[in-house]
$ cat structure15.cif   # mmCIF, C-alpha atoms and all ligand atoms
data_coords
loop_
_atom_site.label_atom_id
_atom_site.label_comp_id
_atom_site.auth_asym_id
_atom_site.auth_seq_id
_atom_site.Cartn_x
_atom_site.Cartn_y
_atom_site.Cartn_z
CA MET O 116 -6.71 -33.05 -30.58
CA LYS O 117 -4.40 -32.45 -27.65
CA LYS O 118 -4.92 -29.02 -26.13
CA TYR O 119 -2.66 -27.02 -23.86
CA ASN O 120 -4.64 -24.84 -21.49
CA PHE O 121 -2.85 -21.52 -20.93
CA SER O 122 -5.87 -19.94 -19.23
CA PRO O 123 -5.19 -17.48 -16.37
CA GLY O 124 -7.89 -19.10 -14.24
CA PRO O 125 -9.53 -21.41 -13.68
CA GLY O 126 -6.25 -22.80 -14.87
CA ILE O 127 -4.77 -26.07 -16.01
CA LEU O 128 -4.86 -29.07 -13.67
CA PRO O 129 -2.74 -32.23 -13.93
CA GLN O 130 -4.37 -34.77 -16.24
CA SER O 131 -3.96 -37.50 -13.61
CA VAL O 132 -5.90 -35.37 -11.11
CA ILE O 133 -8.75 -34.82 -13.55
CA GLU O 134 -8.94 -38.56 -14.27
CA GLU O 135 -8.93 -39.51 -10.59
CA ALA O 136 -11.59 -36.87 -9.85
CA ALA O 137 -13.74 -38.18 -12.72
CA LYS O 138 -13.55 -41.71 -11.32
CA ASN O 139 -14.59 -40.54 -7.90
CA VAL O 140 -17.46 -38.48 -9.25
CA LEU O 141 -18.85 -41.86 -10.36
CA ASP O 142 -17.76 -43.90 -7.36
CA PHE O 143 -16.11 -42.26 -4.36
CA ASN O 144 -13.64 -44.57 -2.62
CA GLY O 145 -15.57 -47.65 -3.76
CA SER O 146 -18.64 -46.51 -1.79
CA SER O 147 -20.99 -46.68 -4.81
CA LEU O 148 -21.79 -43.04 -4.01
CA SER O 149 -20.54 -40.01 -5.91
CA ILE O 150 -18.19 -37.52 -4.25
CA LEU O 151 -20.88 -35.05 -5.33
CA GLU O 152 -23.44 -36.50 -2.93
CA VAL O 153 -21.55 -37.63 0.18
CA SER O 154 -21.90 -35.94 3.55
CA HIS O 155 -19.15 -33.57 4.56
CA ARG O 156 -19.44 -35.13 8.02
CA GLY O 157 -18.98 -38.69 6.79
CA LYS O 158 -15.72 -40.39 7.66
CA ASP O 159 -14.54 -40.66 4.05
CA PHE O 160 -14.77 -36.94 3.42
CA ILE O 161 -13.39 -36.02 6.83
CA ALA O 162 -10.34 -38.07 5.86
CA VAL O 163 -10.07 -36.08 2.60
CA ALA O 164 -10.21 -32.74 4.39
CA ALA O 165 -7.68 -33.94 6.97
CA GLU O 166 -5.31 -35.13 4.25
CA ALA O 167 -5.69 -31.82 2.38
CA GLU O 168 -4.74 -29.92 5.53
CA GLN O 169 -1.88 -32.28 6.29
CA LEU O 170 -0.52 -31.86 2.73
CA VAL O 171 -0.74 -28.06 2.97
CA ARG O 172 1.24 -28.24 6.23
CA GLU O 173 3.81 -30.69 4.89
CA ILE O 174 4.33 -29.03 1.50
CA GLY O 175 4.38 -25.48 2.89
CA GLY O 176 6.18 -26.19 6.18
CA ILE O 177 3.22 -24.79 8.12
CA ASP O 178 3.33 -25.52 11.85
CA ASP O 179 0.65 -25.48 14.53
CA ARG O 180 0.92 -21.77 15.20
CA TYR O 181 -1.06 -21.35 11.99
CA ALA O 182 -4.62 -22.37 11.18
CA VAL O 183 -5.22 -23.86 7.71
CA LEU O 184 -8.72 -23.08 6.43
CA PHE O 185 -10.70 -24.08 3.34
CA LEU O 186 -13.28 -21.38 2.67
CA GLY O 187 -15.81 -20.38 0.04
CA GLY O 188 -16.21 -16.93 -1.45
CA GLY O 189 -12.99 -16.75 -3.46
CA ALA O 190 -9.91 -14.65 -2.84
CA SER O 191 -12.19 -11.66 -3.36
CA SER O 192 -13.91 -12.39 -0.03
CA GLN O 193 -10.51 -12.39 1.64
CA PHE O 194 -9.95 -8.82 0.45
CA ALA O 195 -12.62 -7.93 3.05
CA MET O 196 -12.22 -10.75 5.56
CA ALA O 197 -8.56 -9.97 6.20
CA PRO O 198 -9.16 -6.37 7.35
CA MET O 199 -12.42 -7.33 9.09
CA ASN O 200 -10.50 -9.76 11.27
CA LEU O 201 -7.11 -8.05 11.56
CA LEU O 202 -7.64 -4.28 11.33
CA ALA O 203 -9.25 -2.45 14.26
CA ASP O 204 -11.38 0.68 13.87
CA GLY O 205 -9.15 3.75 13.57
CA GLU O 206 -6.05 1.66 12.92
CA LYS O 207 -4.11 1.71 9.68
CA ALA O 208 -2.95 -1.01 7.33
CA ALA O 209 -0.19 -0.67 4.72
CA TYR O 210 -0.81 -1.78 1.12
CA VAL O 211 1.37 -1.93 -1.98
CA ASP O 212 -0.49 -1.19 -5.20
CA THR O 213 0.76 -3.61 -7.85
CA GLY O 214 -2.35 -3.94 -9.99
CA THR O 215 -6.01 -4.73 -10.34
CA TRP O 216 -6.23 -7.27 -7.52
CA ALA O 217 -4.24 -5.12 -5.10
CA ASN O 218 -6.64 -2.28 -5.85
CA LYS O 219 -9.63 -4.41 -5.04
CA ALA O 220 -7.98 -5.38 -1.75
CA ILE O 221 -7.34 -1.70 -0.95
CA LYS O 222 -10.94 -0.77 -1.69
CA GLU O 223 -12.29 -3.37 0.74
CA ALA O 224 -9.80 -2.52 3.50
CA LYS O 225 -10.96 1.10 3.45
CA LEU O 226 -14.34 -0.11 4.69
CA PHE O 227 -12.73 -1.20 7.97
CA GLY O 228 -9.87 1.17 8.75
CA ASN O 229 -7.28 3.54 7.33
CA VAL O 230 -5.21 2.45 4.39
CA GLU O 231 -1.76 3.77 3.62
CA VAL O 232 -0.62 2.91 0.11
CA LEU O 233 3.15 2.72 0.44
CA ALA O 234 3.99 2.49 -3.24
CA SER O 235 2.37 2.02 -6.63
CA SER O 236 3.47 1.22 -10.16
CA LYS O 237 0.20 2.48 -11.62
CA ASP O 238 1.92 5.21 -13.67
CA SER O 239 3.72 2.57 -15.71
CA ASN O 240 0.63 0.37 -16.09
CA TYR O 241 1.94 -1.92 -13.35
CA SER O 242 4.87 -3.15 -15.39
CA PHE O 243 7.15 -3.43 -12.34
CA ILE O 244 7.09 -4.19 -8.62
CA PRO O 245 7.82 -1.14 -6.43
CA LYS O 246 10.70 -1.69 -4.00
CA GLY O 247 12.55 0.18 -1.29
CA TYR O 248 9.49 1.72 0.40
CA GLU O 249 9.42 2.16 4.13
CA ILE O 250 7.00 -0.02 6.08
CA PRO O 251 5.42 1.84 9.02
CA SER O 252 5.82 -0.11 12.25
CA ASP O 253 2.46 1.14 13.55
CA ALA O 254 0.50 -0.52 10.75
CA ALA O 255 -1.64 -3.52 11.66
CA TYR O 256 -0.15 -5.39 8.72
CA LEU O 257 1.45 -5.03 5.30
CA HIS O 258 -0.63 -6.35 2.40
CA LEU O 259 1.14 -7.66 -0.71
CA THR O 260 0.08 -9.44 -3.89
CA SER O 261 2.82 -11.96 -4.60
CA ASN O 262 1.95 -12.44 -8.27
CA ASN O 263 0.02 -10.03 -10.44
CA THR O 264 -1.94 -12.34 -12.69
CA ILE O 265 -3.04 -9.63 -15.10
CA PHE O 266 0.22 -7.70 -15.51
CA GLY O 267 2.65 -10.63 -15.33
CA THR O 268 4.81 -9.34 -12.49
CA GLN O 269 5.90 -11.27 -9.42
CA LEU O 270 7.60 -10.50 -6.13
CA HIS O 271 10.79 -12.51 -6.25
CA GLU O 272 11.75 -11.42 -2.77
CA PHE O 273 9.47 -10.42 0.09
CA PRO O 274 10.52 -7.33 2.05
CA GLN O 275 11.69 -7.58 5.65
CA SER O 276 8.65 -6.25 7.47
CA PRO O 277 8.30 -5.02 11.07
CA VAL O 278 4.59 -5.94 10.89
CA PRO O 279 2.96 -9.20 9.78
CA ILE O 280 2.63 -9.63 6.01
CA VAL O 281 -0.81 -10.45 4.64
CA CYS O 282 -0.34 -11.89 1.17
CA ASP O 283 -2.66 -12.62 -1.71
CA MET O 284 -0.90 -15.62 -3.28
CA SER O 285 -3.80 -16.64 -5.50
CA SER O 286 -1.83 -17.01 -8.69
CA ASP O 287 1.50 -18.36 -7.43
CA MET O 288 0.53 -20.36 -4.36
CA PHE O 289 2.80 -23.37 -3.94
CA SER O 290 4.78 -22.55 -7.07
CA ARG O 291 8.04 -22.06 -5.11
CA PRO O 292 9.36 -22.36 -1.56
CA PHE O 293 8.51 -19.60 0.94
CA ASP O 294 9.22 -18.97 4.60
CA ILE O 295 5.97 -19.01 6.55
CA GLU O 296 7.66 -17.06 9.36
CA GLN O 297 7.38 -13.92 7.22
CA PHE O 298 3.62 -14.11 6.99
CA GLY O 299 0.67 -13.45 9.27
CA LEU O 300 -1.93 -14.43 6.71
CA ILE O 301 -1.81 -16.01 3.27
CA TYR O 302 -4.83 -16.50 1.06
CA ALA O 303 -5.23 -18.04 -2.37
CA GLY O 304 -8.21 -18.82 -4.55
CA ALA O 305 -7.47 -22.42 -5.58
CA GLN O 306 -8.38 -22.08 -9.24
CA LYS O 307 -5.12 -20.57 -10.41
CA ASN O 308 -2.54 -23.03 -9.21
CA ILE O 309 -3.72 -25.52 -6.59
CA GLY O 310 -7.14 -26.79 -7.58
CA PRO O 311 -10.49 -25.96 -9.16
CA ALA O 312 -12.69 -22.90 -8.51
CA GLY O 313 -14.80 -22.98 -5.36
CA VAL O 314 -12.33 -23.19 -2.49
CA THR O 315 -9.96 -20.60 -1.08
CA LEU O 316 -6.98 -21.67 0.97
CA VAL O 317 -6.36 -19.44 4.00
CA ILE O 318 -3.35 -19.84 6.28
CA VAL O 319 -3.54 -17.53 9.28
CA ARG O 320 -1.36 -17.16 12.35
CA LYS O 321 -3.63 -18.12 15.22
CA ASP O 322 -2.60 -15.23 17.47
CA LEU O 323 -3.84 -12.76 14.84
CA ILE O 324 -7.35 -14.21 14.77
CA GLY O 325 -9.68 -11.80 16.56
CA ARG O 326 -7.07 -9.04 16.45
CA SER O 327 -9.55 -6.39 15.25
CA GLY O 328 -11.80 -6.94 18.26
CA ARG O 329 -14.71 -6.34 15.93
CA LYS O 330 -18.01 -8.21 16.30
CA LEU O 331 -18.34 -10.23 13.12
CA PRO O 332 -21.04 -12.35 11.51
CA SER O 333 -20.11 -15.99 12.11
CA MET O 334 -19.25 -16.79 8.51
CA PHE O 335 -16.78 -13.89 8.30
CA ASP O 336 -14.94 -14.69 11.50
CA TYR O 337 -11.78 -16.79 11.03
CA ARG O 338 -12.26 -18.01 14.61
CA ASN O 339 -15.41 -19.94 13.74
CA HIS O 340 -13.81 -21.62 10.77
CA ALA O 341 -10.65 -22.46 12.71
CA ASP O 342 -12.58 -23.84 15.69
CA ASN O 343 -14.68 -26.04 13.42
CA ASP O 344 -11.99 -27.44 11.09
CA SER O 345 -13.49 -25.44 8.19
CA MET O 346 -16.80 -27.25 8.70
CA TYR O 347 -18.75 -24.51 10.45
CA ASN O 348 -21.04 -24.77 7.44
CA THR O 349 -21.03 -27.11 4.45
CA PRO O 350 -17.59 -26.67 2.89
CA PRO O 351 -16.97 -26.88 -0.88
CA VAL O 352 -16.67 -30.67 -0.86
CA LEU O 353 -15.68 -31.36 -4.48
CA PRO O 354 -13.17 -28.47 -4.77
CA ILE O 355 -11.48 -29.55 -1.52
CA TYR O 356 -11.28 -33.11 -2.83
CA VAL O 357 -9.72 -32.01 -6.13
CA MET O 358 -7.33 -29.68 -4.30
CA MET O 359 -6.25 -32.61 -2.13
CA LEU O 360 -5.53 -34.66 -5.27
CA THR O 361 -3.58 -31.73 -6.73
CA LEU O 362 -1.50 -31.45 -3.55
CA ARG O 363 -0.75 -35.20 -3.70
CA TRP O 364 0.46 -34.62 -7.26
CA LEU O 365 2.58 -31.68 -6.13
CA LYS O 366 4.19 -33.73 -3.37
CA ALA O 367 4.94 -36.55 -5.81
CA ASN O 368 6.57 -34.00 -8.14
CA GLY O 369 9.15 -32.91 -5.63
CA GLY O 370 7.14 -30.45 -3.54
CA LEU O 371 8.00 -26.77 -3.71
CA THR O 372 11.68 -27.10 -4.60
CA GLY O 373 10.87 -29.61 -7.33
CA ILE O 374 8.07 -27.52 -8.81
CA GLN O 375 10.13 -24.32 -8.60
CA LYS O 376 12.82 -25.90 -10.74
CA MET O 377 10.26 -26.94 -13.34
CA ASN O 378 8.57 -23.53 -13.25
CA GLU O 379 11.90 -21.75 -13.74
CA GLU O 380 12.76 -23.97 -16.69
CA LYS O 381 9.40 -23.43 -18.36
CA ALA O 382 9.45 -19.65 -17.89
CA ALA O 383 13.03 -19.41 -19.19
CA ILE O 384 12.10 -21.23 -22.41
CA LEU O 385 9.28 -18.78 -23.07
CA TYR O 386 11.00 -15.55 -22.01
CA ASP O 387 14.13 -16.48 -24.01
CA GLU O 388 11.96 -16.80 -27.09
CA ILE O 389 10.16 -13.49 -26.42
CA ASP O 390 13.53 -11.74 -26.08
CA ALA O 391 14.98 -13.35 -29.21
CA ASN O 392 11.93 -13.17 -31.48
CA PRO O 393 11.58 -9.88 -33.40
CA LEU O 394 7.79 -10.22 -33.57
CA PHE O 395 7.22 -10.15 -29.80
CA THR O 396 8.16 -8.02 -26.86
CA GLY O 397 7.68 -8.62 -23.13
CA THR O 398 5.65 -6.14 -21.05
CA ALA O 399 7.05 -6.62 -17.53
CA ALA O 400 10.36 -5.31 -16.17
CA LYS O 401 12.82 -8.18 -16.54
CA GLU O 402 13.70 -8.47 -12.85
CA ASP O 403 10.00 -8.66 -11.92
CA ARG O 404 8.83 -11.08 -14.57
CA SER O 405 6.28 -13.61 -13.38
CA LEU O 406 7.06 -17.30 -13.69
CA MET O 407 3.32 -17.97 -13.81
CA ASN O 408 1.77 -15.42 -16.19
CA VAL O 409 3.93 -14.45 -19.15
CA CYS O 410 2.68 -11.27 -20.85
CA PHE O 411 3.91 -10.19 -24.26
CA LEU O 412 2.87 -7.90 -27.10
CA PRO O 413 3.13 -8.33 -30.87
CA THR O 414 5.50 -5.93 -32.61
CA LYS O 415 3.35 -6.20 -35.73
CA PRO O 416 -0.21 -6.16 -34.37
CA GLU O 417 -1.59 -6.41 -37.90
CA LEU O 418 -0.43 -10.04 -37.91
CA ASP O 419 -2.39 -10.93 -34.78
CA GLU O 420 -5.10 -12.83 -36.60
CA GLU O 421 -2.56 -14.99 -38.38
CA PHE O 422 -0.69 -15.74 -35.15
CA GLN O 423 -3.93 -16.64 -33.38
CA LYS O 424 -4.74 -19.06 -36.18
CA MET O 425 -1.35 -20.77 -35.98
CA VAL O 426 -1.52 -20.99 -32.22
CA LYS O 427 -4.99 -22.50 -32.34
CA ALA O 428 -3.95 -25.08 -34.91
CA ALA O 429 -1.16 -26.20 -32.57
CA GLY O 430 -3.61 -26.78 -29.69
CA VAL O 431 -2.52 -23.74 -27.68
CA ASP O 432 -5.61 -22.54 -25.85
CA ASN O 433 -6.39 -19.21 -24.23
CA ILE O 434 -3.34 -16.96 -24.61
CA LYS O 435 -5.28 -13.76 -25.20
CA GLY O 436 -3.95 -10.99 -22.94
CA HIS O 437 -6.13 -9.18 -20.43
CA ARG O 438 -7.72 -6.05 -21.92
CA SER O 439 -5.71 -3.79 -19.61
CA VAL O 440 -2.41 -5.03 -21.09
CA GLY O 441 -3.44 -6.34 -24.52
CA GLY O 442 -1.42 -8.74 -26.62
CA TYR O 443 -0.87 -12.21 -25.20
CA ARG O 444 -0.66 -13.84 -21.80
CA ALA O 445 0.50 -17.41 -21.41
CA SER O 446 -0.30 -18.74 -17.95
CA ILE O 447 2.10 -21.56 -17.20
CA TYR O 448 1.00 -22.70 -13.77
CA ASN O 449 2.43 -25.74 -11.96
CA ALA O 450 0.45 -28.24 -14.03
CA MET O 451 1.54 -26.90 -17.45
CA PRO O 452 3.99 -29.46 -18.84
CA LYS O 453 7.26 -28.23 -20.37
CA GLU O 454 6.10 -29.80 -23.60
CA GLY O 455 3.15 -27.35 -23.73
CA VAL O 456 5.49 -24.37 -23.43
CA GLN O 457 7.68 -25.88 -26.15
CA VAL O 458 4.68 -26.18 -28.47
CA LEU O 459 3.92 -22.47 -28.00
CA VAL O 460 7.56 -21.48 -28.54
CA ASP O 461 7.73 -23.59 -31.72
CA VAL O 462 4.71 -21.72 -33.09
CA MET O 463 6.30 -18.36 -32.25
CA ARG O 464 9.44 -19.39 -34.11
CA GLU O 465 7.58 -20.64 -37.14
CA PHE O 466 5.54 -17.42 -37.15
CA ALA O 467 8.74 -15.35 -37.17
CA LYS O 468 10.20 -17.48 -39.97
CA GLN O 469 7.13 -16.89 -42.11
CA ASN O 470 6.87 -13.17 -41.37
CA GLY O 471 10.41 -12.08 -40.50
C1 LIG O 501 -7.93 -14.37 -9.59
C2 LIG O 501 -7.35 -13.58 -8.50
C3 LIG O 501 -8.13 -13.09 -7.45
C4 LIG O 501 -9.63 -13.28 -7.38
O1 LIG O 501 -9.93 -14.57 -7.03
P1 LIG O 501 -11.43 -15.07 -6.85
O2 LIG O 501 -11.23 -16.42 -6.28
O3 LIG O 501 -12.06 -15.06 -8.21
O4 LIG O 501 -12.13 -14.13 -5.94
C5 LIG O 501 -7.49 -12.39 -6.44
N1 LIG O 501 -6.17 -12.17 -6.47
C6 LIG O 501 -5.39 -12.62 -7.47
C7 LIG O 501 -3.92 -12.34 -7.44
C8 LIG O 501 -5.95 -13.33 -8.52
O5 LIG O 501 -5.18 -13.79 -9.52
#
$ encode --input "structure15.cif" --output "structure tokens"
Amino acid sequence: MKKYNFSPGPGILPQSVIEEAAKNVLDFNGSSLSILEVSHRGKDFIAVAAEAEQLVREIGGIDDRYAVLFLGGGASSQFAMAPMNLLADGEKAAYVDTGTWANKAIKEAKLFGNVEVLASSKDSNYSFIPKGYEIPSDAAYLHLTSNNTIFGTQLHEFPQSPVPIVCDMSSDMFSRPFDIEQFGLIYAGAQKNIGPAGVTLVIVRKDLIGRSGRKLPSMFDYRNHADNDSMYNTPPVLPIYVMMLTLRWLKANGGLTGIQKMNEEKAAILYDEIDANPLFTGTAAKEDRSLMNVCFLPTKPELDEEFQKMVKAAGVDNIKGHRSVGGYRASIYNAMPKEGVQVLVDVMREFAKQNG
């Protein structure tokens, strides 16, 4: 049975990428070796890593002033690595509290310097993105979370900032165009939108590397990774390979402007249904709704079991909401086809017809 994977992460990947990866697990580039067993220093894999970097630069418009790194440790390691590398002792960094992941980033930053939380939407269970706060010009950087995976909110416009923006883009990386000039550091765990779990994409402005002046263990110092083309140690070979395939797919699908158009169409189909269907209600403020993670609640929770059954029978997988929001969350990352969203919407309609 055909299944549509609405999981928040690891999330859906293009079918063509999965098939190509499977082939190369058996026979990498016709070498009679598996991608799982080749040396990261061999010429075939060096070409993969170089193409992955080149695609990141081409798709994102990232020039040479920035280093592009492929690291282990997940986005969660970047919560600490960013302040370790960019925030000096006694200095302050500005953070905006938009949910669970922002909070984890704040907690780690406090280990390395002072944190000023400029704004928070905690009191409304993170149902909106705070705006209009003042950004202190003496902060080392401003940290933002571009898309709040759990609460289904997204920054549709980045603030003008007098200090470099450090952005956790884990769950909407490469889902829309952005202007790299606004950012000092971007990080994204690949498993939400650009690849499988195991690799984290880091894009850092080279002049910010070493900014904290702190002595760091080698593995936590961006400098070492930048100076060694992300091969200071053994990099996550298979995840980098699959990310490279996913970026090829993204390029072939029109790059960031092409994918943005598709993402807007998909999200509109689903939000229109949520707004029209009496059995569902959206949780996020309309102007801050995420195009990636669509959160909605049932208006008749007693019918949940029946809805879950119908959804499952249609091949819709993994739309259970996070416990801190409840209800449902449909993650419709880049690789989710419009047809998958339509299948979900059709079930919602049928459900309303039967129970209206
Ligand atoms: C999933 C997620 C993380 C954590 O990523 P890991 O790679 O599991 O450490 C961080 N930030 C956001 C916005 C996320 O969605």
$ atom_distance --input "structure15.cif" --atom1 "atom CA of O:Ala391" --atom2 "atom CA of O:Leu406"
17.9 Å
$ residues_around --input "structure15.cif" --residues "O:Gly455" --least-positions-apart "2" --cutoff "12 Å" --atoms "all atoms listed in the file" --output "PDB file with C-alpha atoms, keeping the file's coordinate frame"
ATOM      1  CA  LYS O 117      -4.400 -32.450 -27.650  1.00  0.00           C
ATOM      2  CA  LYS O 118      -4.920 -29.020 -26.130  1.00  0.00           C
ATOM      3  CA  TYR O 119      -2.660 -27.020 -23.860  1.00  0.00           C
ATOM      4  CA  ASN O 120      -4.640 -24.840 -21.490  1.00  0.00           C
ATOM      5  CA  PHE O 121      -2.850 -21.520 -20.930  1.00  0.00           C
ATOM      6  CA  ILE O 127      -4.770 -26.070 -16.010  1.00  0.00           C
ATOM      7  CA  LYS O 381       9.400 -23.430 -18.360  1.00  0.00           C
ATOM      8  CA  ALA O 382       9.450 -19.650 -17.890  1.00  0.00           C
ATOM      9  CA  ILE O 384      12.100 -21.230 -22.410  1.00  0.00           C
ATOM     10  CA  LEU O 385       9.280 -18.780 -23.070  1.00  0.00           C
ATOM     11  CA  VAL O 426      -1.520 -20.990 -32.220  1.00  0.00           C
ATOM     12  CA  ALA O 429      -1.160 -26.200 -32.570  1.00  0.00           C
ATOM     13  CA  GLY O 430      -3.610 -26.780 -29.690  1.00  0.00           C
ATOM     14  CA  VAL O 431      -2.520 -23.740 -27.680  1.00  0.00           C
ATOM     15  CA  ASP O 432      -5.610 -22.540 -25.850  1.00  0.00           C
ATOM     16  CA  ALA O 445       0.500 -17.410 -21.410  1.00  0.00           C
ATOM     17  CA  SER O 446      -0.300 -18.740 -17.950  1.00  0.00           C
ATOM     18  CA  ILE O 447       2.100 -21.560 -17.200  1.00  0.00           C
ATOM     19  CA  TYR O 448       1.000 -22.700 -13.770  1.00  0.00           C
ATOM     20  CA  ASN O 449       2.430 -25.740 -11.960  1.00  0.00           C
ATOM     21  CA  ALA O 450       0.450 -28.240 -14.030  1.00  0.00           C
ATOM     22  CA  MET O 451       1.540 -26.900 -17.450  1.00  0.00           C
ATOM     23  CA  PRO O 452       3.990 -29.460 -18.840  1.00  0.00           C
ATOM     24  CA  LYS O 453       7.260 -28.230 -20.370  1.00  0.00           C
ATOM     25  CA  GLN O 457       7.680 -25.880 -26.150  1.00  0.00           C
ATOM     26  CA  VAL O 458       4.680 -26.180 -28.470  1.00  0.00           C
ATOM     27  CA  LEU O 459       3.920 -22.470 -28.000  1.00  0.00           C
ATOM     28  CA  VAL O 460       7.560 -21.480 -28.540  1.00  0.00           C
ATOM     29  CA  ASP O 461       7.730 -23.590 -31.720  1.00  0.00           C
ATOM     30  CA  VAL O 462       4.710 -21.720 -33.090  1.00  0.00           C
TER      31      VAL O 462
END
$ closest_residue --input "structure15.cif" --among "O:Ile150, O:Ala220, O:Val230, O:Leu365" --to "ligand LIG 501 (chain O)" --atoms "all atoms listed in the file"
O:Ala220
$ residues_near_ligand --input "structure15.cif" --ligand "ligand LIG 501 (chain O)" --cutoff "8 Å" --atoms "only C-alpha atoms and all ligand atoms" --output "JSON, numbers by chain"
{"O": [123, 124, 188, 189, 190, 191, 192, 193, 216, 217, 260, 261, 262, 263, 264, 265, 283, 284, 285, 286, 303, 304, 305, 306, 307, 312, 313, 314, 315]}
$ closest_atom_pairs --input "structure15.cif" --of "stretch 173-267 of chain O" --to "stretch 165-168 of chain O" --cutoff "12 Å" --atoms "only C-alpha atoms" --output "Markdown table"
| residue | atom | partner | partner_atom | distance |
| --- | --- | --- | --- | --- |
| O:Glu173 | CA | O:Glu168 | CA | 8.6 |
| O:Ile174 | CA | O:Glu168 | CA | 10.0 |
| O:Gly175 | CA | O:Glu168 | CA | 10.5 |
| O:Gly176 | CA | O:Glu168 | CA | 11.6 |
| O:Ile177 | CA | O:Glu168 | CA | 9.8 |
| O:Asp178 | CA | O:Glu168 | CA | 11.2 |
| O:Asp179 | CA | O:Glu168 | CA | 11.4 |
| O:Tyr181 | CA | O:Glu168 | CA | 11.3 |
| O:Ala182 | CA | O:Glu168 | CA | 9.4 |
| O:Val183 | CA | O:Glu168 | CA | 6.5 |
| O:Leu184 | CA | O:Glu168 | CA | 8.0 |
| O:Phe185 | CA | O:Glu168 | CA | 8.6 |
$ write_last_selection --input "structure15.cif" --atoms "C-alpha atoms" --output "compact mmCIF listing (two decimals), in the coordinates of the input"
# COMPACT_ATOMS: atom_id res chain seq x y z
CA GLU O 173 3.81 -30.69 4.89
CA ILE O 174 4.33 -29.03 1.50
CA GLY O 175 4.38 -25.48 2.89
CA GLY O 176 6.18 -26.19 6.18
CA ILE O 177 3.22 -24.79 8.12
CA ASP O 178 3.33 -25.52 11.85
CA ASP O 179 0.65 -25.48 14.53
CA TYR O 181 -1.06 -21.35 11.99
CA ALA O 182 -4.62 -22.37 11.18
CA VAL O 183 -5.22 -23.86 7.71
CA LEU O 184 -8.72 -23.08 6.43
CA PHE O 185 -10.70 -24.08 3.34
$ residues_near_point --input "structure15.cif" --point "(-3.9, -11.2, 9.6)" --cutoff "7 Å" --atoms "only C-alpha atoms" --output "ChimeraX atom specification"
/O:197,200-201,256,281,299-300,319,323-324
$ write_last_selection --input "structure15.cif" --atoms "C-alpha atoms" --output "PDB file, keeping the file's coordinate frame"
ATOM      1  CA  ALA O 197      -8.560  -9.970   6.200  1.00  0.00           C
ATOM      2  CA  ASN O 200     -10.500  -9.760  11.270  1.00  0.00           C
ATOM      3  CA  LEU O 201      -7.110  -8.050  11.560  1.00  0.00           C
ATOM      4  CA  TYR O 256      -0.150  -5.390   8.720  1.00  0.00           C
ATOM      5  CA  VAL O 281      -0.810 -10.450   4.640  1.00  0.00           C
ATOM      6  CA  GLY O 299       0.670 -13.450   9.270  1.00  0.00           C
ATOM      7  CA  LEU O 300      -1.930 -14.430   6.710  1.00  0.00           C
ATOM      8  CA  VAL O 319      -3.540 -17.530   9.280  1.00  0.00           C
ATOM      9  CA  LEU O 323      -3.840 -12.760  14.840  1.00  0.00           C
ATOM     10  CA  ILE O 324      -7.350 -14.210  14.770  1.00  0.00           C
TER      11      ILE O 324
END
$ atom_distance --input "structure15.cif" --atom1 "atom CA of O:Gln423" --atom2 "atom CA of O:Met463"
10.4 Å
$ closest_residue --input "structure15.cif" --among "O:Gly442, O:Pro351, O:Gly247, O:Gly228" --to "O:Gln275" --atoms "all atoms listed in the file"
O:Gly247
$ closest_residue --input "structure15.cif" --among "O:Lys219, O:Pro198, O:Asn368, O:Met116" --to "O:Arg329" --atoms "all atoms listed in the file"
O:Pro198
$ atom_distance --input "structure15.cif" --atom1 "atom CA of O:Arg172" --atom2 "atom CA of O:Asn343"
17.6 Å
$ closest_residue --input "structure15.cif" --among "O:Asn378, O:Asn470, O:Gly373, O:Ile389" --to "O:Glu421" --atoms "all atoms listed in the file"
O:Asn470
$ closest_residue --input "structure15.cif" --among "O:Val440, O:Ala400, O:Ile295, O:Leu202" --to "O:Leu412" --atoms "all atoms listed in the file"
O:Val440
$ closest_residue --input "structure15.cif" --among "O:Pro125, O:Pro279, O:Pro245, O:Gly267" --to "O:Ala209" --atoms "only C-alpha atoms"
O:Pro279
$ residues_around --input "structure15.cif" --residues "O:Asp403" --least-positions-apart "3" --cutoff "9 Å" --atoms "all atoms listed in the file" --output "ChimeraX atom specification"
/O:242-244,267-271,399-400
$ residues_around --input "structure15.cif" --residues "stretch 466-469 of chain O" --least-positions-apart "2" --cutoff "7 Å" --atoms "only C-alpha atoms" --output "number ranges by chain"
O: 392, 394, 422, 462-464, 471
$ residues_around --input "structure15.cif" --residues "O:Glu231" --least-positions-apart "5" --cutoff "7 Å" --atoms "all atoms listed in the file" --output "list in words"
Lys207, Ala208, Ala209 and Tyr210 of chain O
$ residues_around --input "structure15.cif" --residues "O:Asn144" --least-positions-apart "6" --cutoff "12 Å" --atoms "all atoms listed in the file" --output "ChimeraX atom specification"
/O:135-138,150,153,158-160,162-163,356
